[in-house]
file my_file35.pdb (PDB, C-alpha atoms)
ATOM      1  CA  MET A   1       0.000   0.000   0.000
ATOM      2  CA  SER A   2       1.212   3.495  -0.720
ATOM      3  CA  GLY A   3       0.204   7.010   0.207
ATOM      4  CA  ASP A   4       0.160   8.950   3.432
ATOM      5  CA  PRO A   5      -3.301   8.395   4.921
ATOM      6  CA  ARG A   6      -3.331  11.915   6.315
ATOM      7  CA  THR A   7      -3.051  13.459   2.851
ATOM      8  CA  MET A   8      -4.836  10.793   0.843
ATOM      9  CA  THR A   9      -7.592  11.781  -1.530
ATOM     10  CA  CYS A  10     -10.857   9.872  -1.601
ATOM     11  CA  ASP A  11      -9.835   8.248  -4.873
ATOM     12  CA  GLN A  12      -6.583   7.033  -3.369
ATOM     13  CA  PHE A  13      -8.279   5.779  -0.222
ATOM     14  CA  GLN A  14     -11.011   3.983  -2.146
ATOM     15  CA  ALA A  15      -8.459   2.378  -4.448
ATOM     16  CA  GLN A  16      -6.970   0.758  -1.366
ATOM     17  CA  LEU A  17     -10.286  -0.264   0.188
ATOM     18  CA  PRO A  18     -10.625  -3.730  -1.412
ATOM     19  CA  GLU A  19      -7.253  -4.752   0.021
ATOM     20  CA  LEU A  20      -7.835  -3.048   3.378
ATOM     21  CA  ILE A  21     -11.247  -4.630   3.870
ATOM     22  CA  GLY A  22     -10.188  -7.994   2.465
ATOM     23  CA  SER A  23      -7.219  -8.125   4.810
ATOM     24  CA  GLY A  24      -9.364  -7.439   7.832
ATOM     25  CA  VAL A  25      -7.521  -4.262   8.784
ATOM     26  CA  ASP A  26      -9.182  -2.280  11.577
ATOM     27  CA  LEU A  27     -10.220   0.959   9.912
ATOM     28  CA  SER A  28     -11.936   2.527  12.905
ATOM     29  CA  SER A  29      -9.030   4.886  13.549
ATOM     30  CA  ASP A  30      -8.020   5.469   9.950
ATOM     31  CA  PRO A  31      -6.890   9.090   9.529
ATOM     32  CA  HIS A  32      -8.627   9.547   6.186
ATOM     33  CA  LEU A  33     -11.935   8.238   7.490
ATOM     34  CA  ALA A  34     -11.704  10.490  10.515
ATOM     35  CA  GLY A  35     -11.940  13.526   8.271
ATOM     36  CA  CYS A  36     -14.027  12.253   5.370
ATOM     37  CA  ALA A  37     -17.787  11.828   5.716
ATOM     38  CA  LEU A  38     -18.114  10.498   2.169
ATOM     39  CA  CYS A  39     -15.714   7.599   2.637
ATOM     40  CA  SER A  40     -17.046   6.950   6.148
ATOM     41  CA  ALA A  41     -20.558   6.609   4.713
ATOM     42  CA  LEU A  42     -19.250   4.305   2.008
ATOM     43  CA  LEU A  43     -17.537   2.051   4.514
ATOM     44  CA  ALA A  44     -20.591   2.038   6.795
ATOM     45  CA  ASP A  45     -22.757   0.929   3.883
ATOM     46  CA  ILE A  46     -20.333  -1.814   2.862
ATOM     47  CA  GLU A  47     -20.225  -3.094   6.431
ATOM     48  CA  ALA A  48     -24.033  -2.980   6.662
ATOM     49  CA  ILE A  49     -24.344  -4.972   3.435
ATOM     50  CA  ALA A  50     -21.811  -7.583   4.562
ATOM     51  CA  GLU A  51     -23.511  -7.895   7.953
ATOM     52  CA  ALA A  52     -26.955  -8.274   6.375
ATOM     53  CA  ALA A  53     -25.578 -10.931   4.016
ATOM     54  CA  ARG A  54     -24.342 -12.979   6.964
ATOM     55  CA  GLN A  55     -27.903 -13.074   8.298
ATOM     56  CA  LEU A  56     -29.369 -14.579   5.135
ATOM     57  CA  LEU A  57     -30.499 -18.114   5.805
ATOM     58  CA  PRO A  58     -30.762 -21.054   3.446
ATOM     59  CA  ALA A  59     -34.510 -21.030   3.940
ATOM     60  CA  ILE A  60     -35.760 -21.543   0.427
ATOM     61  CA  GLU A  61     -37.644 -24.796   0.069
ATOM     62  CA  PRO A  62     -37.330 -26.690  -3.228
ATOM     63  CA  PRO A  63     -40.560 -28.004  -4.781
ATOM     64  CA  ASP A  64     -41.666 -31.442  -3.542
ATOM     65  CA  GLU A  65     -41.554 -32.826  -7.074
ATOM     66  CA  LEU A  66     -37.816 -32.324  -7.193
ATOM     67  CA  TRP A  67     -37.159 -35.353  -4.997
ATOM     68  CA  GLU A  68     -39.268 -37.509  -7.294
ATOM     69  CA  GLN A  69     -37.152 -36.379 -10.238
ATOM     70  CA  ILE A  70     -33.913 -37.061  -8.400
ATOM     71  CA  GLU A  71     -35.135 -40.445  -7.208
ATOM     72  CA  SER A  72     -36.181 -41.329 -10.736
ATOM     73  CA  ALA A  73     -32.822 -40.234 -12.166
ATOM     74  CA  ILE A  74     -30.922 -42.267  -9.572
ATOM     75  CA  LEU A  75     -32.945 -45.380 -10.281
ATOM     76  CA  GLN A  76     -32.403 -44.850 -13.991
ATOM     77  CA  GLU A  77     -28.647 -44.584 -13.473
ATOM     78  CA  GLU A  78     -28.666 -47.760 -11.415
ATOM     79  CA  ASP A  79     -30.397 -49.589 -14.216
ATOM     80  CA  THR A  80     -27.753 -48.383 -16.649
ATOM     81  CA  PRO A  81     -24.144 -49.615 -16.650
ATOM     82  CA  ALA A  82     -21.947 -47.026 -14.979
ATOM     83  CA  SER A  83     -20.299 -44.599 -17.369
ATOM     84  CA  TYR A  84     -18.900 -42.138 -14.879
TER      85      TYR A  84
ATOM     86  CA  MET E   1     -25.430 -49.172  -4.831
ATOM     87  CA  SER E   2     -28.135 -51.773  -4.991
ATOM     88  CA  ALA E   3     -31.232 -51.295  -7.056
ATOM     89  CA  THR E   4     -33.450 -51.291  -3.986
ATOM     90  CA  GLN E   5     -36.546 -49.143  -4.284
ATOM     91  CA  PHE E   6     -36.659 -45.855  -2.416
ATOM     92  CA  PRO E   7     -39.166 -45.482   0.386
ATOM     93  CA  ALA E   8     -42.568 -44.519  -0.931
ATOM     94  CA  GLU E   9     -42.927 -41.304   1.019
ATOM     95  CA  THR E  10     -41.449 -38.066  -0.233
ATOM     96  CA  PRO E  11     -38.750 -36.946   2.185
ATOM     97  CA  ASP E  12     -40.189 -33.508   2.614
ATOM     98  CA  GLY E  13     -39.966 -33.537   6.361
ATOM     99  CA  ALA E  14     -43.717 -33.498   6.861
ATOM    100  CA  GLY E  15     -44.944 -35.857   9.534
ATOM    101  CA  THR E  16     -41.538 -37.212  10.442
ATOM    102  CA  THR E  17     -39.011 -36.166  12.985
ATOM    103  CA  ASP E  18     -35.903 -37.325  11.225
ATOM    104  CA  ALA E  19     -36.531 -35.907   7.782
ATOM    105  CA  ALA E  20     -36.384 -32.249   8.719
ATOM    106  CA  PRO E  21     -33.190 -31.827  10.661
ATOM    107  CA  GLU E  22     -32.889 -28.152   9.819
ATOM    108  CA  THR E  23     -35.793 -27.580  12.195
ATOM    109  CA  ALA E  24     -36.159 -30.744  14.277
ATOM    110  CA  PRO E  25     -34.361 -31.136  17.590
ATOM    111  CA  ALA E  26     -31.184 -33.136  17.150
ATOM    112  CA  ALA E  27     -32.221 -35.620  19.819
ATOM    113  CA  GLN E  28     -35.149 -36.813  17.683
ATOM    114  CA  ALA E  29     -33.169 -37.344  14.503
ATOM    115  CA  PRO E  30     -30.777 -40.157  13.642
ATOM    116  CA  ALA E  31     -27.186 -39.051  13.949
ATOM    117  CA  GLU E  32     -25.730 -37.681  10.739
ATOM    118  CA  ASP E  33     -22.858 -40.147  10.869
ATOM    119  CA  ALA E  34     -25.202 -43.121  11.073
ATOM    120  CA  VAL E  35     -27.346 -41.896   8.191
ATOM    121  CA  LEU E  36     -24.255 -41.150   6.158
ATOM    122  CA  PHE E  37     -22.777 -44.561   6.813
ATOM    123  CA  ARG E  38     -25.996 -46.217   5.689
ATOM    124  CA  ALA E  39     -26.202 -44.053   2.576
ATOM    125  CA  GLN E  40     -22.606 -44.922   1.712
ATOM    126  CA  ALA E  41     -23.535 -48.572   1.991
ATOM    127  CA  GLY E  42     -26.310 -48.126  -0.556
ATOM    128  CA  ASP E  43     -29.303 -47.578   1.707
ATOM    129  CA  HIS E  44     -31.727 -45.519  -0.353
ATOM    130  CA  GLN E  45     -33.828 -44.505   2.602
ATOM    131  CA  ALA E  46     -30.745 -43.060   4.260
ATOM    132  CA  PHE E  47     -29.941 -41.179   1.056
ATOM    133  CA  SER E  48     -33.440 -39.743   1.009
ATOM    134  CA  LEU E  49     -32.871 -38.545   4.576
ATOM    135  CA  LEU E  50     -29.670 -36.844   3.524
ATOM    136  CA  TYR E  51     -31.632 -35.123   0.784
ATOM    137  CA  ALA E  52     -34.270 -33.997   3.276
ATOM    138  CA  ARG E  53     -31.609 -32.659   5.604
ATOM    139  CA  HIS E  54     -29.631 -30.712   3.059
ATOM    140  CA  LYS E  55     -32.116 -29.824   0.321
ATOM    141  CA  ARG E  56     -32.876 -26.300   1.527
ATOM    142  CA  ARG E  57     -29.269 -25.290   1.867
ATOM    143  CA  ILE E  58     -28.326 -26.788  -1.485
ATOM    144  CA  TYR E  59     -31.354 -25.438  -3.346
ATOM    145  CA  SER E  60     -30.941 -21.994  -1.773
ATOM    146  CA  LEU E  61     -27.305 -21.921  -2.803
ATOM    147  CA  CYS E  62     -28.154 -22.889  -6.391
ATOM    148  CA  LEU E  63     -31.034 -20.449  -6.601
ATOM    149  CA  ARG E  64     -28.987 -17.546  -5.321
ATOM    150  CA  MET E  65     -26.134 -18.322  -7.661
ATOM    151  CA  VAL E  66     -28.184 -18.609 -10.842
ATOM    152  CA  GLY E  67     -31.241 -16.507  -9.943
ATOM    153  CA  ASN E  68     -33.628 -18.802 -11.794
ATOM    154  CA  THR E  69     -35.859 -21.449 -10.208
ATOM    155  CA  ALA E  70     -35.891 -23.896 -13.139
ATOM    156  CA  GLU E  71     -32.125 -23.781 -13.434
ATOM    157  CA  ALA E  72     -31.733 -24.031  -9.659
ATOM    158  CA  GLU E  73     -33.863 -27.179  -9.641
ATOM    159  CA  ASP E  74     -31.759 -28.710 -12.414
ATOM    160  CA  LEU E  75     -28.567 -27.874 -10.549
ATOM    161  CA  THR E  76     -29.910 -29.229  -7.263
ATOM    162  CA  GLN E  77     -30.804 -32.442  -9.041
ATOM    163  CA  GLU E  78     -27.354 -32.654 -10.588
ATOM    164  CA  ALA E  79     -25.706 -31.985  -7.229
ATOM    165  CA  PHE E  80     -27.606 -34.822  -5.543
ATOM    166  CA  LEU E  81     -26.975 -37.130  -8.475
ATOM    167  CA  GLN E  82     -23.275 -36.435  -8.158
ATOM    168  CA  LEU E  83     -23.558 -36.952  -4.420
ATOM    169  CA  HIS E  84     -25.139 -40.326  -5.056
ATOM    170  CA  ARG E  85     -22.311 -41.277  -7.403
ATOM    171  CA  LYS E  86     -19.538 -40.063  -5.118
ATOM    172  CA  ILE E  87     -20.858 -40.565  -1.607
ATOM    173  CA  ALA E  88     -18.828 -43.728  -1.115
ATOM    174  CA  THR E  89     -15.655 -41.670  -1.642
ATOM    175  CA  PHE E  90     -16.409 -39.325   1.271
ATOM    176  CA  ARG E  91     -13.784 -40.021   3.908
ATOM    177  CA  GLY E  92     -14.709 -37.494   6.565
ATOM    178  CA  ASP E  93     -11.736 -35.186   6.077
ATOM    179  CA  SER E  94     -14.217 -32.319   6.423
ATOM    180  CA  ALA E  95     -17.791 -32.114   7.656
ATOM    181  CA  PHE E  96     -20.196 -33.825   5.295
ATOM    182  CA  SER E  97     -22.193 -30.606   4.852
ATOM    183  CA  THR E  98     -19.001 -28.784   3.854
ATOM    184  CA  TRP E  99     -18.111 -31.496   1.365
ATOM    185  CA  LEU E 100     -21.605 -31.472  -0.165
ATOM    186  CA  HIS E 101     -21.608 -27.684  -0.277
ATOM    187  CA  ARG E 102     -18.324 -27.645  -2.150
ATOM    188  CA  LEU E 103     -19.534 -30.361  -4.505
ATOM    189  CA  THR E 104     -22.591 -28.212  -5.263
ATOM    190  CA  ILE E 105     -20.529 -25.121  -5.926
ATOM    191  CA  ASN E 106     -18.452 -27.117  -8.401
ATOM    192  CA  VAL E 107     -21.638 -28.238 -10.143
ATOM    193  CA  VAL E 108     -22.838 -24.641 -10.402
ATOM    194  CA  LEU E 109     -19.463 -23.328 -11.559
ATOM    195  CA  MET E 110     -19.286 -26.001 -14.237
ATOM    196  CA  GLN E 111     -22.713 -24.969 -15.467
ATOM    197  CA  LEU E 112     -21.829 -21.277 -15.468
ATOM    198  CA  ARG E 113     -18.639 -21.979 -17.408
ATOM    199  CA  ARG E 114     -20.603 -24.116 -19.847
ATOM    200  CA  LYS E 115     -22.829 -21.131 -20.448
ATOM    201  CA  GLY E 116     -19.785 -19.030 -21.208
ATOM    202  CA  LEU E 117     -19.830 -16.851 -18.150
ATOM    203  CA  GLN E 118     -16.464 -15.315 -17.494
ATOM    204  CA  LEU E 119     -16.454 -15.715 -13.761
ATOM    205  CA  VAL E 120     -13.713 -13.276 -12.984
ATOM    206  CA  SER E 121     -11.955 -10.926 -15.327
ATOM    207  CA  LEU E 122      -8.336 -11.912 -14.878
ATOM    208  CA  ASP E 123      -6.914  -8.936 -16.701
ATOM    209  CA  GLU E 124      -8.871  -6.534 -14.588
ATOM    210  CA  ALA E 125      -6.871  -3.668 -13.134
ATOM    211  CA  MET E 126      -6.876  -3.447  -9.377
ATOM    212  CA  GLU E 127      -7.644   0.252  -9.507
ATOM    213  CA  PRO E 128     -11.387   0.903  -9.508
ATOM    214  CA  GLY E 129     -12.739   2.267 -12.743
ATOM    215  CA  PRO E 130     -14.742   5.462 -12.978
ATOM    216  CA  ASP E 131     -18.001   3.547 -12.609
ATOM    217  CA  ASP E 132     -16.920   1.582  -9.580
ATOM    218  CA  GLY E 133     -16.656   4.327  -7.010
ATOM    219  CA  PRO E 134     -19.417   5.488  -4.741
ATOM    220  CA  GLY E 135     -20.045   8.616  -6.752
ATOM    221  CA  ARG E 136     -18.502  11.928  -5.948
ATOM    222  CA  SER E 137     -20.549  14.595  -4.312
ATOM    223  CA  PHE E 138     -19.840  17.805  -2.566
ATOM    224  CA  GLY E 139     -21.427  18.847   0.671
ATOM    225  CA  ALA E 140     -23.104  16.424   3.032
ATOM    226  CA  PRO E 141     -23.103  12.749   2.020
ATOM    227  CA  ASP E 142     -26.365  10.880   1.565
ATOM    228  CA  PRO E 143     -27.722   8.996   4.580
ATOM    229  CA  THR E 144     -26.188   5.574   5.032
ATOM    230  CA  LEU E 145     -28.031   2.339   4.315
ATOM    231  CA  SER E 146     -27.724   1.148   7.883
ATOM    232  CA  GLY E 147     -31.147   0.155   9.188
ATOM    233  CA  SER E 148     -32.773   0.082   5.767
ATOM    234  CA  ILE E 149     -31.490  -3.326   4.615
ATOM    235  CA  ASN E 150     -33.709  -6.275   5.373
ATOM    236  CA  ARG E 151     -33.561  -9.864   4.167
ATOM    237  CA  LEU E 152     -36.007  -9.377   1.327
ATOM    238  CA  THR E 153     -34.452  -6.212  -0.065
ATOM    239  CA  LEU E 154     -30.996  -7.750   0.054
ATOM    240  CA  GLU E 155     -32.146 -11.004  -1.604
ATOM    241  CA  ARG E 156     -33.703  -8.991  -4.427
ATOM    242  CA  ALA E 157     -30.679  -6.774  -4.816
ATOM    243  CA  VAL E 158     -28.352  -9.797  -4.945
ATOM    244  CA  ALA E 159     -30.552 -11.314  -7.652
ATOM    245  CA  ASP E 160     -30.107  -8.117  -9.684
ATOM    246  CA  LEU E 161     -26.303  -8.277  -9.590
ATOM    247  CA  PRO E 162     -24.438  -9.281 -12.738
ATOM    248  CA  ALA E 163     -23.653 -13.005 -12.578
ATOM    249  CA  GLY E 164     -19.930 -12.665 -11.863
ATOM    250  CA  TYR E 165     -20.426 -10.176  -9.044
ATOM    251  CA  ARG E 166     -23.291 -12.247  -7.644
ATOM    252  CA  LEU E 167     -21.094 -15.314  -7.541
ATOM    253  CA  ILE E 168     -18.273 -13.659  -5.612
ATOM    254  CA  PHE E 169     -20.664 -11.941  -3.209
ATOM    255  CA  ILE E 170     -22.532 -15.174  -2.447
ATOM    256  CA  LEU E 171     -19.372 -17.192  -1.949
ATOM    257  CA  HIS E 172     -17.756 -14.669   0.390
ATOM    258  CA  ASP E 173     -20.428 -12.666   2.161
ATOM    259  CA  ILE E 174     -23.238 -15.210   2.321
ATOM    260  CA  GLU E 175     -21.505 -18.588   2.307
ATOM    261  CA  GLY E 176     -18.470 -17.462   4.242
ATOM    262  CA  TYR E 177     -15.623 -18.643   2.020
ATOM    263  CA  GLU E 178     -12.280 -16.904   2.412
ATOM    264  CA  HIS E 179     -10.591 -15.118  -0.464
ATOM    265  CA  ASN E 180      -7.926 -17.808  -0.810
ATOM    266  CA  GLU E 181     -10.636 -20.462  -1.130
ATOM    267  CA  ILE E 182     -12.542 -18.414  -3.702
ATOM    268  CA  ALA E 183      -9.362 -17.753  -5.650
ATOM    269  CA  ALA E 184      -8.731 -21.493  -5.822
ATOM    270  CA  MET E 185     -12.313 -22.224  -6.889
ATOM    271  CA  LEU E 186     -12.354 -19.565  -9.596
ATOM    272  CA  ASP E 187      -8.734 -19.930 -10.632
ATOM    273  CA  CYS E 188      -7.908 -16.279 -10.029
ATOM    274  CA  SER E 189      -5.662 -14.335  -7.706
ATOM    275  CA  ILE E 190      -6.595 -13.486  -4.126
ATOM    276  CA  GLY E 191      -6.287  -9.802  -5.007
ATOM    277  CA  ASN E 192      -8.707 -10.265  -7.844
ATOM    278  CA  SER E 193     -11.185 -11.939  -5.516
ATOM    279  CA  LYS E 194     -10.963  -9.011  -3.101
ATOM    280  CA  SER E 195     -11.343  -6.523  -5.913
ATOM    281  CA  GLN E 196     -14.349  -8.272  -7.433
ATOM    282  CA  LEU E 197     -16.036  -8.574  -4.055
ATOM    283  CA  HIS E 198     -15.544  -4.867  -3.453
ATOM    284  CA  LYS E 199     -17.081  -4.039  -6.809
ATOM    285  CA  ALA E 200     -19.980  -6.370  -6.111
ATOM    286  CA  ARG E 201     -20.637  -4.623  -2.789
ATOM    287  CA  LEU E 202     -20.460  -1.215  -4.476
ATOM    288  CA  ARG E 203     -22.945  -2.331  -7.085
ATOM    289  CA  LEU E 204     -25.225  -3.688  -4.375
ATOM    290  CA  ARG E 205     -24.958  -0.387  -2.554
ATOM    291  CA  GLU E 206     -26.114   1.476  -5.617
ATOM    292  CA  ILE E 207     -29.028  -0.916  -6.145
ATOM    293  CA  LEU E 208     -30.084  -0.656  -2.507
ATOM    294  CA  ARG E 209     -29.752   3.133  -2.371
ATOM    295  CA  LEU E 210     -31.858   3.442  -5.494
ATOM    296  CA  ARG E 211     -34.543   1.246  -3.944
ATOM    297  CA  VAL E 212     -34.511   3.283  -0.734
ATOM    298  CA  GLN E 213     -34.890   6.493  -2.751
ATOM    299  CA  GLN E 214     -37.756   4.996  -4.732
ATOM    300  CA  GLU E 215     -39.516   3.941  -1.544
ATOM    301  CA  VAL E 216     -39.131   7.418  -0.085
ATOM    302  CA  GLN E 217     -40.500   9.032  -3.246
ATOM    303  CA  SER E 218     -43.475   6.691  -3.406
TER     304      SER E 218
END
call {"tool": "encode", "arguments": {"input": "my_file35.pdb", "output": "structure tokens"}}
result
Amino acid sequence: MSGDPRTMTCDQFQAQLPELIGSGVDLSSDPHLAGCALCSALLADIEAIAEAARQLLPAIEPPDELWEQIESAILQEEDTPASY
Amino acid sequence: MSATQFPAETPDGAGTTDAAPETAPAAQAPAEDAVLFRAQAGDHQAFSLLYARHKRRIYSLCLRMVGNTAEAEDLTQEAFLQLHRKIATFRGDSAFSTWLHRLTINVVLMQLRRKGLQLVSLDEAMEPGPDDGPGRSFGAPDPTLSGSINRLTLERAVADLPAGYRLIFILHDIEGYEHNEIAAMLDCSIGNSKSQLHKARLRLREILRLRVQQEVQS
């Protein structure tokens, strides 16, 4: 990473964000964020999105008929000589 | 596997205690290891229980990744067919659910590649392009999204993402894979995975902000 955080522009800071966030760096005391409402709002939104995503549950039920199709396909494969 | 018939009932969890483990108390359901062992030995009823236990997670994963119910059903079927073919090779090096989850992701990735989707642009520059930033403005920034994201709005916004962004976002932010794991799955660099995830989140932000504005206006 390059650039003095105290003199960084928003463009420079945001160019570094993917790496900073992906590396798990604590940005709570970042000098640029301390003085930049725009980038602070951006980071808050990204964190809110990531947090909301973690709450999504695998709650979507497949149709009942799907098991019948799978069962049928398995039985069909068992009646056929293996080719896999 | 033997050609034994499957049990007549559909393993939808209704009316049984052991066919709906995602909701049933663990004490009422056969242990996963026992069911798995039986399924590996060719017991079709045990396999149907495995389906009942994992169908929601697998179908949800497929549906989120492709955004289309018919395709998600096909992929779920293919994942369980592959599971049936390969279950005897499971050696317990990881949790069974993890192994099945990874198997499913491979099925989906294979399908996406077959359709010609370029999963991750490998020649992409790490610097964000002009369309990838949050939008420059002077004066006070817009209110943040915090508090205005619920499950439904996020599900819809994820479905509206371009396929490549959707894939990275689901793998990392929803399914919890690390960047090194995603990089290995998608055959890209870790930096590229981080960059693509960031762009996906920025795109989601724009979609969600637009929806919030529309709700306020209406």
call {"tool": "interface_residues", "arguments": {"input": "my_file35.pdb", "of": "chain E", "to": "chain A", "cutoff": "6 Å", "atoms": "all atoms listed in the file", "output": "list in words"}}
result
Arg56, Arg57, Ser60, Gln77, Glu127, Pro141, Thr144, Leu145, Ser146, Asp173, Ile174, Lys194, Ser195 and His198 of chain E
call {"tool": "atom_distance", "arguments": {"input": "my_file35.pdb", "atom1": "CA of Tyr177 in chain E", "atom2": "CA of Gly191 in chain E"}}
result
14.7 Å
call {"tool": "atom_distance", "arguments": {"input": "my_file35.pdb", "atom1": "CA of Glu78 in chain E", "atom2": "CA of Asn180 in chain E"}}
result
26.3 Å
call {"tool": "closest_residue", "arguments": {"input": "my_file35.pdb", "among": "E:Leu171, E:Val158, E:Ala183, E:Asn192", "to": "Gly67 in chain E", "atoms": "all atoms listed in the file"}}
result
E:Val158
call {"tool": "residues_around", "arguments": {"input": "my_file35.pdb", "residues": "Glu32 in chain E", "least_positions_apart": "2", "cutoff": "10 Å", "atoms": "all atoms listed in the file", "output": "ChimeraX atom specification"}}
result
/E:21,26,29-30,34-38,46,49-50,53,96-97
call {"tool": "closest_residue", "arguments": {"input": "my_file35.pdb", "among": "E:His172, E:His54, E:Arg166, E:Arg64", "to": "Arg203 in chain E", "atoms": "only C-alpha atoms"}}
result
E:Arg166
call {"tool": "atom_distance", "arguments": {"input": "my_file35.pdb", "atom1": "CA of Val108 in chain E", "atom2": "CA of Gly92 in chain E"}}
result
22.8 Å
call {"tool": "closest_residue", "arguments": {"input": "my_file35.pdb", "among": "E:Leu61, E:Leu100, E:Ala70, E:Leu161", "to": "Leu83 in chain E", "atoms": "all atoms listed in the file"}}
result
E:Leu100
